[in-house]
file protein.cif (mmCIF, C-alpha atoms and all ligand atoms)
data_protein
loop_
_atom_site.label_atom_id
_atom_site.label_comp_id
_atom_site.auth_asym_id
_atom_site.auth_seq_id
_atom_site.Cartn_x
_atom_site.Cartn_y
_atom_site.Cartn_z
CA MET A 1264 -12.57 -64.25 -17.27
CA VAL A 1265 -14.08 -66.97 -19.50
CA PRO A 1266 -15.98 -69.64 -17.52
CA THR A 1267 -14.50 -73.08 -18.04
CA GLN A 1268 -17.21 -75.20 -16.37
CA THR A 1269 -20.90 -74.69 -16.94
CA ALA A 1270 -23.94 -76.95 -16.91
CA ASP A 1271 -25.43 -75.21 -19.96
CA PRO A 1272 -24.00 -76.80 -23.14
CA VAL A 1273 -24.69 -73.70 -25.26
CA ALA A 1274 -22.92 -71.44 -22.74
CA ALA A 1275 -20.06 -73.97 -22.61
CA LEU A 1276 -19.72 -73.92 -26.40
CA LEU A 1277 -19.73 -70.10 -26.44
CA ALA A 1278 -17.13 -70.03 -23.65
CA TRP A 1279 -14.95 -72.42 -25.65
CA HIS A 1280 -15.21 -70.20 -28.74
CA LEU A 1281 -14.16 -67.16 -26.70
CA ALA A 1282 -11.29 -69.09 -25.11
CA VAL A 1283 -9.86 -70.02 -28.53
CA GLY A 1284 -10.20 -66.46 -29.78
CA CYS A 1285 -13.39 -66.71 -31.89
CA ASP A 1286 -14.97 -63.52 -30.62
CA GLU A 1287 -16.52 -62.27 -33.84
CA THR A 1288 -19.44 -63.37 -35.99
CA LEU A 1289 -18.77 -63.25 -39.71
CA ALA A 1290 -22.19 -64.37 -40.98
CA ASP A 1291 -25.65 -65.05 -39.64
CA ALA A 1292 -25.68 -68.75 -40.62
CA PRO A 1293 -22.95 -71.43 -40.42
CA LEU A 1294 -21.21 -72.42 -43.64
CA ASN A 1295 -20.40 -76.12 -44.16
CA ARG A 1296 -16.83 -75.95 -45.43
CA LEU A 1297 -16.48 -79.76 -45.39
CA GLN A 1298 -19.04 -80.17 -48.14
CA ALA A 1299 -17.23 -80.77 -51.48
CA PRO A 1300 -17.95 -78.07 -54.05
CA VAL A 1301 -20.26 -79.20 -56.87
CA PRO A 1302 -18.34 -79.19 -60.20
CA ALA A 1303 -19.72 -76.78 -62.77
CA ALA A 1304 -22.22 -78.47 -65.10
CA PRO A 1305 -21.84 -78.18 -68.89
CA ALA A 1306 -23.71 -75.17 -70.16
CA ASP A 1307 -26.99 -76.90 -71.11
CA THR A 1308 -27.05 -79.74 -68.54
CA PRO A 1309 -28.71 -79.00 -65.20
CA ALA A 1310 -26.32 -79.85 -62.36
CA ALA A 1311 -27.35 -83.03 -60.49
CA PRO A 1312 -27.47 -82.64 -56.72
CA ARG A 1313 -24.45 -84.38 -55.10
CA PRO A 1314 -25.05 -86.81 -52.30
CA SER A 1315 -23.34 -85.64 -49.17
CA ARG A 1316 -22.43 -87.49 -45.98
CA ILE A 1317 -22.83 -84.25 -44.08
CA ALA A 1318 -26.15 -82.46 -43.89
CA ALA A 1319 -26.03 -79.34 -46.04
CA ALA A 1320 -26.15 -76.09 -44.13
CA PRO A 1321 -28.86 -73.66 -45.21
CA PRO A 1322 -27.55 -71.30 -47.86
CA PRO A 1323 -25.92 -68.28 -46.27
CA PRO A 1324 -28.02 -65.12 -46.40
CA PRO A 1325 -26.88 -62.40 -48.77
CA PRO A 1326 -24.12 -60.33 -47.12
CA ALA A 1327 -25.43 -57.48 -45.00
CA PRO A 1328 -24.84 -54.09 -46.61
CA ILE A 1329 -21.70 -52.52 -45.20
CA ALA A 1330 -22.66 -49.38 -43.33
CA LEU A 1331 -20.08 -47.13 -44.96
CA ASP A 1332 -22.32 -45.41 -47.44
CA THR A 1333 -22.75 -42.18 -45.55
CA GLY A 1334 -19.23 -40.80 -46.05
CA PRO A 1335 -17.38 -38.78 -43.44
CA PRO A 1336 -19.86 -37.15 -41.04
CA THR A 1337 -18.50 -33.66 -41.60
CA GLU A 1338 -21.77 -31.76 -41.16
CA LEU A 1339 -22.89 -33.84 -38.20
CA ALA A 1340 -19.59 -33.10 -36.43
CA ALA A 1341 -19.55 -29.41 -37.38
CA SER A 1342 -23.06 -28.87 -36.04
CA ALA A 1343 -22.10 -30.08 -32.55
CA GLY A 1344 -21.75 -26.90 -30.50
CA THR A 1345 -20.80 -28.53 -27.19
CA LEU A 1346 -18.92 -31.60 -26.05
CA GLU A 1347 -22.20 -33.15 -24.98
CA ALA A 1348 -23.72 -32.57 -28.43
CA LEU A 1349 -20.57 -34.00 -30.04
CA SER A 1350 -20.73 -37.05 -27.81
CA ASN A 1351 -24.39 -37.60 -28.77
CA ALA A 1352 -23.54 -37.15 -32.45
CA ILE A 1353 -20.73 -39.73 -32.27
CA ARG A 1354 -22.95 -42.19 -30.39
CA SER A 1355 -25.75 -41.83 -32.93
CA TYR A 1356 -23.47 -42.19 -35.97
CA THR A 1357 -23.73 -45.57 -37.68
CA GLY A 1358 -21.59 -44.91 -40.75
CA CYS A 1359 -18.45 -46.54 -39.34
CA GLY A 1360 -18.70 -50.33 -39.49
CA LEU A 1361 -16.63 -50.70 -36.29
CA LYS A 1362 -19.66 -49.68 -34.28
CA ALA A 1363 -21.42 -52.93 -35.21
CA THR A 1364 -18.81 -55.11 -33.49
CA ALA A 1365 -18.04 -52.89 -30.50
CA ILE A 1366 -19.72 -53.10 -27.10
CA ASN A 1367 -19.34 -49.39 -26.34
CA THR A 1368 -18.64 -46.09 -28.01
CA VAL A 1369 -15.49 -44.84 -26.27
CA ILE A 1370 -15.19 -41.07 -26.32
CA ALA A 1371 -13.10 -39.49 -23.58
CA ASP A 1372 -11.85 -39.48 -20.04
CA GLY A 1373 -10.34 -36.81 -17.84
CA ASN A 1374 -10.93 -33.09 -17.62
CA PRO A 1375 -12.25 -31.31 -20.74
CA HIS A 1376 -10.93 -27.99 -19.33
CA ALA A 1377 -7.37 -29.34 -18.98
CA ALA A 1378 -4.51 -27.62 -20.78
CA LEU A 1379 -3.21 -30.96 -22.06
CA MET A 1380 -5.14 -33.20 -24.45
CA VAL A 1381 -3.84 -36.66 -25.32
CA LEU A 1382 -5.01 -38.53 -28.41
CA GLY A 1383 -4.40 -42.25 -28.86
CA GLU A 1384 -5.36 -44.67 -31.59
CA ALA A 1385 -8.45 -46.74 -30.78
CA PRO A 1386 -10.05 -48.51 -27.83
CA GLY A 1387 -8.83 -52.00 -26.98
CA ALA A 1388 -10.79 -54.78 -25.29
CA ASP A 1389 -10.66 -53.23 -21.78
CA GLU A 1390 -11.65 -49.81 -23.07
CA ASP A 1391 -14.50 -51.33 -25.11
CA ARG A 1392 -15.80 -53.18 -22.04
CA GLN A 1393 -15.59 -50.13 -19.75
CA GLY A 1394 -16.47 -47.45 -22.31
CA LYS A 1395 -13.44 -45.33 -21.33
CA PRO A 1396 -10.17 -44.69 -23.18
CA PHE A 1397 -6.82 -45.94 -21.90
CA VAL A 1398 -7.96 -48.09 -18.98
CA GLY A 1399 -5.99 -51.26 -19.85
CA ALA A 1400 -2.25 -51.92 -19.69
CA SER A 1401 -1.44 -49.02 -22.08
CA GLY A 1402 -3.59 -46.73 -19.97
CA GLN A 1403 -1.72 -47.67 -16.82
CA LEU A 1404 1.55 -46.78 -18.52
CA LEU A 1405 0.01 -43.55 -19.83
CA ASP A 1406 -0.96 -42.68 -16.24
CA ARG A 1407 2.64 -43.26 -15.14
CA MET A 1408 3.91 -41.12 -18.02
CA LEU A 1409 1.58 -38.29 -16.99
CA ALA A 1410 2.60 -38.69 -13.35
CA ALA A 1411 6.22 -38.22 -14.44
CA ILE A 1412 5.31 -34.64 -15.40
CA GLY A 1413 3.14 -34.12 -12.34
CA ARG A 1414 -0.22 -34.73 -13.98
CA ASP A 1415 -3.12 -37.08 -13.55
CA ARG A 1416 -6.41 -37.50 -15.38
CA SER A 1417 -7.97 -34.56 -13.55
CA GLN A 1418 -5.40 -32.35 -15.33
CA THR A 1419 -5.52 -34.11 -18.69
CA TYR A 1420 -8.18 -34.86 -21.32
CA ILE A 1421 -7.80 -38.21 -23.07
CA SER A 1422 -9.40 -39.48 -26.26
CA ASN A 1423 -8.64 -41.46 -29.43
CA VAL A 1424 -8.83 -40.95 -33.18
CA VAL A 1425 -11.29 -43.87 -33.47
CA PHE A 1426 -14.26 -44.32 -31.14
CA TRP A 1427 -14.92 -48.05 -31.47
CA ARG A 1428 -12.68 -51.04 -30.90
CA PRO A 1429 -11.38 -52.57 -34.13
CA PRO A 1430 -12.10 -56.34 -33.89
CA GLY A 1431 -9.18 -58.31 -32.53
CA ASN A 1432 -7.36 -55.02 -31.83
CA ARG A 1433 -6.27 -54.69 -35.45
CA GLN A 1434 -5.19 -51.27 -36.70
CA PRO A 1435 -8.05 -49.06 -37.87
CA THR A 1436 -8.19 -48.88 -41.66
CA PRO A 1437 -7.61 -45.58 -43.48
CA GLN A 1438 -11.35 -45.53 -44.25
CA GLU A 1439 -12.34 -45.97 -40.58
CA LEU A 1440 -9.90 -43.23 -39.61
CA GLN A 1441 -11.33 -40.95 -42.26
CA LEU A 1442 -14.89 -41.55 -41.07
CA CYS A 1443 -13.97 -40.66 -37.47
CA LEU A 1444 -11.77 -37.70 -38.40
CA PRO A 1445 -14.45 -34.96 -38.59
CA PHE A 1446 -15.51 -35.89 -35.03
CA VAL A 1447 -11.90 -35.90 -33.84
CA LEU A 1448 -11.20 -32.48 -35.36
CA ARG A 1449 -14.37 -31.07 -33.82
CA HIS A 1450 -13.37 -32.64 -30.51
CA ILE A 1451 -10.02 -30.79 -30.56
CA GLU A 1452 -11.81 -27.61 -31.60
CA LEU A 1453 -14.28 -27.80 -28.70
CA VAL A 1454 -11.68 -28.74 -26.06
CA ARG A 1455 -9.11 -26.21 -27.32
CA PRO A 1456 -6.24 -27.57 -25.25
CA LYS A 1457 -3.09 -25.50 -24.87
CA VAL A 1458 -1.01 -28.52 -25.95
CA LEU A 1459 -1.95 -31.67 -27.87
CA MET A 1460 0.10 -34.83 -27.36
CA ILE A 1461 -0.54 -37.54 -29.96
CA ALA A 1462 0.49 -41.07 -29.08
CA GLY A 1463 1.52 -43.45 -31.86
CA GLY A 1464 2.01 -43.35 -35.60
CA VAL A 1465 -1.58 -44.12 -36.60
CA ALA A 1466 -3.07 -41.22 -34.62
CA VAL A 1467 -0.24 -38.88 -35.65
CA LYS A 1468 -0.79 -39.64 -39.32
CA ALA A 1469 -4.56 -39.14 -38.99
CA ILE A 1470 -4.15 -35.66 -37.48
CA LEU A 1471 -0.98 -34.32 -39.06
CA GLN A 1472 -1.53 -36.01 -42.45
CA ARG A 1473 2.20 -36.56 -42.91
CA ALA A 1474 3.90 -39.39 -44.72
CA GLU A 1475 6.81 -39.91 -42.26
CA GLY A 1476 6.55 -42.57 -39.57
CA ILE A 1477 6.48 -41.98 -35.81
CA MET A 1478 10.26 -42.57 -35.50
CA LYS A 1479 10.84 -39.46 -37.60
CA LEU A 1480 8.00 -37.37 -36.17
CA ARG A 1481 8.23 -37.97 -32.44
CA GLY A 1482 9.71 -35.24 -30.30
CA ARG A 1483 9.16 -32.54 -32.97
CA TRP A 1484 6.65 -29.74 -32.53
CA PHE A 1485 3.95 -29.24 -35.14
CA THR A 1486 0.92 -26.97 -35.20
CA HIS A 1487 -2.69 -27.94 -35.57
CA GLN A 1488 -4.79 -25.25 -37.20
CA LEU A 1489 -8.28 -24.57 -35.86
CA THR A 1490 -11.10 -23.25 -38.04
CA ASP A 1491 -10.87 -19.75 -36.51
CA GLY A 1492 -7.24 -19.48 -37.62
CA SER A 1493 -5.69 -20.07 -34.20
CA SER A 1494 -3.37 -23.00 -33.70
CA ILE A 1495 -2.38 -25.54 -31.08
CA PRO A 1496 1.14 -26.94 -30.60
CA VAL A 1497 1.22 -30.68 -31.20
CA LEU A 1498 3.88 -33.12 -30.04
CA PRO A 1499 3.86 -36.66 -31.47
CA THR A 1500 5.28 -39.32 -29.20
CA TYR A 1501 5.38 -43.09 -28.93
CA HIS A 1502 2.24 -44.99 -28.05
CA PRO A 1503 2.34 -46.54 -24.55
CA ALA A 1504 1.55 -49.98 -26.08
CA PHE A 1505 4.73 -49.65 -28.17
CA LEU A 1506 6.69 -48.62 -25.07
CA LEU A 1507 5.43 -51.71 -23.25
CA ARG A 1508 6.88 -53.83 -26.09
CA SER A 1509 10.03 -51.72 -26.55
CA PRO A 1510 11.05 -50.34 -23.14
CA ALA A 1511 14.36 -49.07 -24.55
CA GLN A 1512 12.37 -46.31 -26.29
CA LYS A 1513 11.11 -44.97 -22.95
CA ARG A 1514 14.15 -42.67 -22.83
CA ASP A 1515 12.92 -40.80 -25.89
CA ALA A 1516 9.34 -40.79 -24.61
CA TRP A 1517 10.65 -39.27 -21.38
CA ARG A 1518 12.31 -36.47 -23.38
CA ASP A 1519 9.01 -35.86 -25.17
CA LEU A 1520 7.21 -35.59 -21.84
CA ILE A 1521 9.73 -33.02 -20.61
CA GLU A 1522 9.11 -31.01 -23.81
CA ILE A 1523 5.40 -31.09 -23.04
CA GLN A 1524 5.93 -30.03 -19.45
CA VAL A 1525 8.08 -27.06 -20.51
CA LYS A 1526 5.56 -26.02 -23.16
CA LEU A 1527 2.69 -26.24 -20.65
CA GLU A 1528 4.62 -24.12 -18.13
CA GLU A 1529 5.07 -21.52 -20.86
CA LEU A 1530 1.47 -21.55 -22.19
CA ASP A 1531 -0.41 -22.40 -18.99
CA PRO A 1532 1.75 -21.20 -16.10
CA PRO A 1533 0.64 -22.22 -12.60
CA ARG A 1534 -1.35 -19.41 -11.02
CA PRO A 1535 0.18 -17.97 -7.82
N1 LIG B 1 -4.77 -47.78 -27.00
C1 LIG B 1 -5.25 -46.63 -27.51
O1 LIG B 1 -4.71 -46.08 -28.45
N2 LIG B 1 -6.32 -46.09 -26.93
C2 LIG B 1 -6.93 -46.64 -25.91
O2 LIG B 1 -7.92 -46.07 -25.44
C3 LIG B 1 -6.41 -47.83 -25.38
C4 LIG B 1 -5.34 -48.39 -25.95
#

call {"tool": "encode", "arguments": {"input": "protein.cif", "output": "structure tokens"}}
result
Amino acid sequence: MVPTQTADPVAALLAWHLAVGCDETLADAPLNRLQAPVPAAPADTPAAPRPSRIAAAPPPPPPAPIALDTGPPTELAASAGTLEALSNAIRSYTGCGLKATAINTVIADGNPHAALMVLGEAPGADEDRQGKPFVGASGQLLDRMLAAIGRDRSQTYISNVVFWRPPGNRQPTPQELQLCLPFVLRHIELVRPKVLMIAGGVAVKAILQRAEGIMKLRGRWFTHQLTDGSSIPVLPTYHPAFLLRSPAQKRDAWRDLIEIQVKLEELDPPRP
């Protein structure tokens, strides 16, 4: 909750910025956009300084180098032999620019020994604040979807294909997805679920690398190949955030959940 009344004028100004949605810094120094641009001087005449009614802001510093020069962290991910090592590797990785604007690295929730793994897209504001995936409105719907097939988070492992919140909840870019992908693939490899449910078109595309959209892919079984040659059945379904906006699609999502339940009964039958 943004405070509306405060005695400190700086805190009040910050609170106002947050309230109107300015929650990102784009440069280290302010830029005076009201100052008229100086017309270009003829080639051999030095440009005369223009008088200005508004004090000129200091020149902006040169843009910070974008931290995307390390490429996908394939070796870093592959060298993680345990979930703990993978988690440390993801937390220490600075090659994805999203890390710079996020509060937390959001890796997983639930039971890493569960037969069902769920992959979503990227953390939102609630997830970023709490450092856990699917804890906001989408997460509450995901919990209800899991409950519909008799599961909770102690019987499910939940993660995303991106580990940092994209500013303003925009979609992750193909480059950000590509940078996180080696970690995501290693994550699946280490968890080795019996069934992988992928929620939403962005995550489905990142893992299955298919051109079709989620409308065409949902409800169909695919296989995800592991490095040792074994494979995991994968079912794409709608993202809970989409279902919150389009409740009429819950019927299809319900069918997908039944598919998952049947597959889990077949591959991970309850022990007597
Ligand atoms: N949406 C996602 O895809 N993942 C989260 O963790 C939260 C919302």

call {"tool": "closest_residue", "arguments": {"input": "protein.cif", "among": "A:Leu1339, A:Ala1278, A:Val1467, A:Ile1412", "to": "ligand LIG 1 (chain B)", "atoms": "only C-alpha atoms and all ligand atoms"}}
result
A:Val1467

call {"tool": "closest_atom_pairs", "arguments": {"input": "protein.cif", "of": "chain A", "to": "ligand LIG 1 (chain B)", "cutoff": "9 Å", "atoms": "only C-alpha atoms and all ligand atoms", "output": "Markdown table"}}
result
| residue | atom | partner | partner_atom | distance |
| --- | --- | --- | --- | --- |
| A:Val1369 | CA | B:LIG1 | O2 | 7.7 |
| A:Ile1370 | CA | B:LIG1 | O2 | 8.9 |
| A:Ala1371 | CA | B:LIG1 | O2 | 8.6 |
| A:Leu1382 | CA | B:LIG1 | O1 | 7.6 |
| A:Gly1383 | CA | B:LIG1 | O1 | 3.9 |
| A:Glu1384 | CA | B:LIG1 | O1 | 3.5 |
| A:Ala1385 | CA | B:LIG1 | N2 | 4.4 |
| A:Pro1386 | CA | B:LIG1 | O2 | 4.0 |
| A:Gly1387 | CA | B:LIG1 | C3 | 5.1 |
| A:Ala1388 | CA | B:LIG1 | C3 | 8.2 |
| A:Asp1389 | CA | B:LIG1 | C3 | 7.8 |
| A:Glu1390 | CA | B:LIG1 | O2 | 5.8 |
| A:Asp1391 | CA | B:LIG1 | O2 | 8.4 |
| A:Lys1395 | CA | B:LIG1 | O2 | 6.9 |
| A:Pro1396 | CA | B:LIG1 | O2 | 3.5 |
| A:Phe1397 | CA | B:LIG1 | O2 | 3.7 |
| A:Val1398 | CA | B:LIG1 | C3 | 6.6 |
| A:Gly1399 | CA | B:LIG1 | C3 | 6.5 |
| A:Ala1400 | CA | B:LIG1 | C4 | 7.8 |
| A:Ser1401 | CA | B:LIG1 | C4 | 5.5 |
| A:Gly1402 | CA | B:LIG1 | C3 | 6.2 |
| A:Ile1421 | CA | B:LIG1 | O2 | 8.2 |
| A:Ser1422 | CA | B:LIG1 | O2 | 6.8 |
| A:Asn1423 | CA | B:LIG1 | N2 | 5.8 |
| A:Val1424 | CA | B:LIG1 | O1 | 8.1 |
| A:Val1425 | CA | B:LIG1 | N2 | 8.5 |
| A:Phe1426 | CA | B:LIG1 | O2 | 8.7 |
| A:Arg1428 | CA | B:LIG1 | O2 | 8.8 |
| A:Ala1462 | CA | B:LIG1 | O1 | 7.2 |
| A:Gly1463 | CA | B:LIG1 | O1 | 7.6 |
| A:Val1465 | CA | B:LIG1 | O1 | 8.9 |
| A:Ala1466 | CA | B:LIG1 | O1 | 8.0 |
| A:His1502 | CA | B:LIG1 | O1 | 7.0 |
| A:Pro1503 | CA | B:LIG1 | N1 | 7.6 |
| A:Ala1504 | CA | B:LIG1 | N1 | 6.8 |

call {"tool": "residues_around", "arguments": {"input": "protein.cif", "residues": "Ala1352 in chain A", "least_positions_apart": "2", "cutoff": "8 Å", "atoms": "only C-alpha atoms", "output": "list of chain:residue names"}}
result
A:Leu1339, A:Ala1340, A:Ala1343, A:Ala1348, A:Leu1349, A:Ser1350, A:Arg1354, A:Ser1355, A:Tyr1356

call {"tool": "closest_residue", "arguments": {"input": "protein.cif", "among": "A:Leu1379, A:Ala1410, A:Leu1361, A:Leu1453", "to": "Asp1491 in chain A", "atoms": "only C-alpha atoms"}}
result
A:Leu1453

call {"tool": "atom_distance", "arguments": {"input": "protein.cif", "atom1": "CA of Ser1342 in chain A", "atom2": "CA of Gly1373 in chain A"}}
result
23.6 Å

call {"tool": "residues_around", "arguments": {"input": "protein.cif", "residues": "Pro1499 in chain A", "least_positions_apart": "5", "cutoff": "10 Å", "atoms": "only C-alpha atoms", "output": "list in words"}}
result
Val1381, Leu1382, Leu1459, Met1460, Ile1461, Ala1462, Gly1463, Gly1464, Ala1466, Val1467, Lys1468, Leu1471, Ile1477, Met1478, Lys1479, Leu1480, Arg1481, Gly1482, Arg1483, Trp1484, Phe1485, Ala1516 and Asp1519 of chain A

call {"tool": "atom_distance", "arguments": {"input": "protein.cif", "atom1": "CA of Gly1431 in chain A", "atom2": "CA of Met1380 in chain A"}}
result
26.7 Å

call {"tool": "residues_around", "arguments": {"input": "protein.cif", "residues": "Arg1518 in chain A", "least_positions_apart": "5", "cutoff": "10 Å", "atoms": "only C-alpha atoms", "output": "list in words"}}
result
Gly1482, Thr1500, Lys1513, Ile1523 and Gln1524 of chain A

call {"tool": "atom_distance", "arguments": {"input": "protein.cif", "atom1": "CA of Pro1335 in chain A", "atom2": "CA of Gln1441 in chain A"}}
result
6.5 Å

call {"tool": "closest_residue", "arguments": {"input": "protein.cif", "among": "A:Arg1508, A:Val1458, A:Arg1534, A:Glu1452", "to": "Thr1490 in chain A", "atoms": "all atoms listed in the file"}}
result
A:Glu1452

call {"tool": "residues_near_point", "arguments": {"input": "protein.cif", "point": "(-19.5, -51.9, -29.9)", "cutoff": "10 Å", "atoms": "only C-alpha atoms", "output": "mmCIF file with C-alpha atoms, keeping the file's coordinate frame"}}
result
data_model
loop_
_atom_site.group_PDB
_atom_site.id
_atom_site.type_symbol
_atom_site.label_atom_id
_atom_site.label_comp_id
_atom_site.auth_asym_id
_atom_site.auth_seq_id
_atom_site.Cartn_x
_atom_site.Cartn_y
_atom_site.Cartn_z
ATOM 1 C CA GLY A 1360 -18.700 -50.330 -39.490
ATOM 2 C CA LEU A 1361 -16.630 -50.700 -36.290
ATOM 3 C CA LYS A 1362 -19.660 -49.680 -34.280
ATOM 4 C CA ALA A 1363 -21.420 -52.930 -35.210
ATOM 5 C CA THR A 1364 -18.810 -55.110 -33.490
ATOM 6 C CA ALA A 1365 -18.040 -52.890 -30.500
ATOM 7 C CA ILE A 1366 -19.720 -53.100 -27.100
ATOM 8 C CA ASN A 1367 -19.340 -49.390 -26.340
ATOM 9 C CA THR A 1368 -18.640 -46.090 -28.010
ATOM 10 C CA VAL A 1369 -15.490 -44.840 -26.270
ATOM 11 C CA ASP A 1391 -14.500 -51.330 -25.110
ATOM 12 C CA ARG A 1392 -15.800 -53.180 -22.040
ATOM 13 C CA GLY A 1394 -16.470 -47.450 -22.310
ATOM 14 C CA PHE A 1426 -14.260 -44.320 -31.140
ATOM 15 C CA TRP A 1427 -14.920 -48.050 -31.470
ATOM 16 C CA ARG A 1428 -12.680 -51.040 -30.900
ATOM 17 C CA PRO A 1429 -11.380 -52.570 -34.130
ATOM 18 C CA PRO A 1430 -12.100 -56.340 -33.890
#

call {"tool": "build_atoms", "arguments": {"input": "protein.cif", "residues": "range 1370-1384 of chain A", "atoms": "N, CA and C atoms", "output": "compact mmCIF listing (two decimals), keeping the file's coordinate frame"}}
result
# COMPACT_ATOMS: atom_id res chain seq x y z
N ILE A 1370 -15.44 -42.45 -25.87
CA ILE A 1370 -15.19 -41.07 -26.32
C ILE A 1370 -14.05 -40.40 -25.56
N ALA A 1371 -14.15 -40.26 -24.27
CA ALA A 1371 -13.10 -39.49 -23.58
C ALA A 1371 -13.07 -39.80 -22.10
N ASP A 1372 -11.96 -39.42 -21.50
CA ASP A 1372 -11.85 -39.48 -20.04
C ASP A 1372 -11.02 -38.28 -19.60
N GLY A 1373 -11.15 -37.91 -18.35
CA GLY A 1373 -10.34 -36.81 -17.84
C GLY A 1373 -11.12 -35.51 -17.80
N ASN A 1374 -10.36 -34.42 -17.83
CA ASN A 1374 -10.93 -33.09 -17.62
C ASN A 1374 -10.97 -32.31 -18.94
N PRO A 1375 -12.17 -32.02 -19.45
CA PRO A 1375 -12.25 -31.31 -20.74
C PRO A 1375 -11.74 -29.86 -20.67
N HIS A 1376 -11.49 -29.35 -19.44
CA HIS A 1376 -10.93 -27.99 -19.33
C HIS A 1376 -9.41 -28.03 -19.14
N ALA A 1377 -8.82 -29.22 -19.22
CA ALA A 1377 -7.37 -29.34 -18.98
C ALA A 1377 -6.57 -28.68 -20.11
N ALA A 1378 -5.37 -28.24 -19.77
CA ALA A 1378 -4.51 -27.62 -20.78
C ALA A 1378 -3.90 -28.66 -21.71
N LEU A 1379 -3.83 -29.91 -21.25
CA LEU A 1379 -3.21 -30.96 -22.06
C LEU A 1379 -4.27 -31.95 -22.54
N MET A 1380 -4.27 -32.17 -23.88
CA MET A 1380 -5.14 -33.20 -24.45
C MET A 1380 -4.25 -34.29 -25.03
N VAL A 1381 -4.61 -35.54 -24.79
CA VAL A 1381 -3.84 -36.66 -25.32
C VAL A 1381 -4.75 -37.44 -26.27
N LEU A 1382 -4.24 -37.72 -27.46
CA LEU A 1382 -5.01 -38.53 -28.41
C LEU A 1382 -4.27 -39.83 -28.68
N GLY A 1383 -4.97 -40.95 -28.51
CA GLY A 1383 -4.40 -42.25 -28.86
C GLY A 1383 -5.06 -42.77 -30.12
N GLU A 1384 -4.91 -44.09 -30.33
CA GLU A 1384 -5.36 -44.67 -31.59
C GLU A 1384 -6.84 -45.11 -31.53
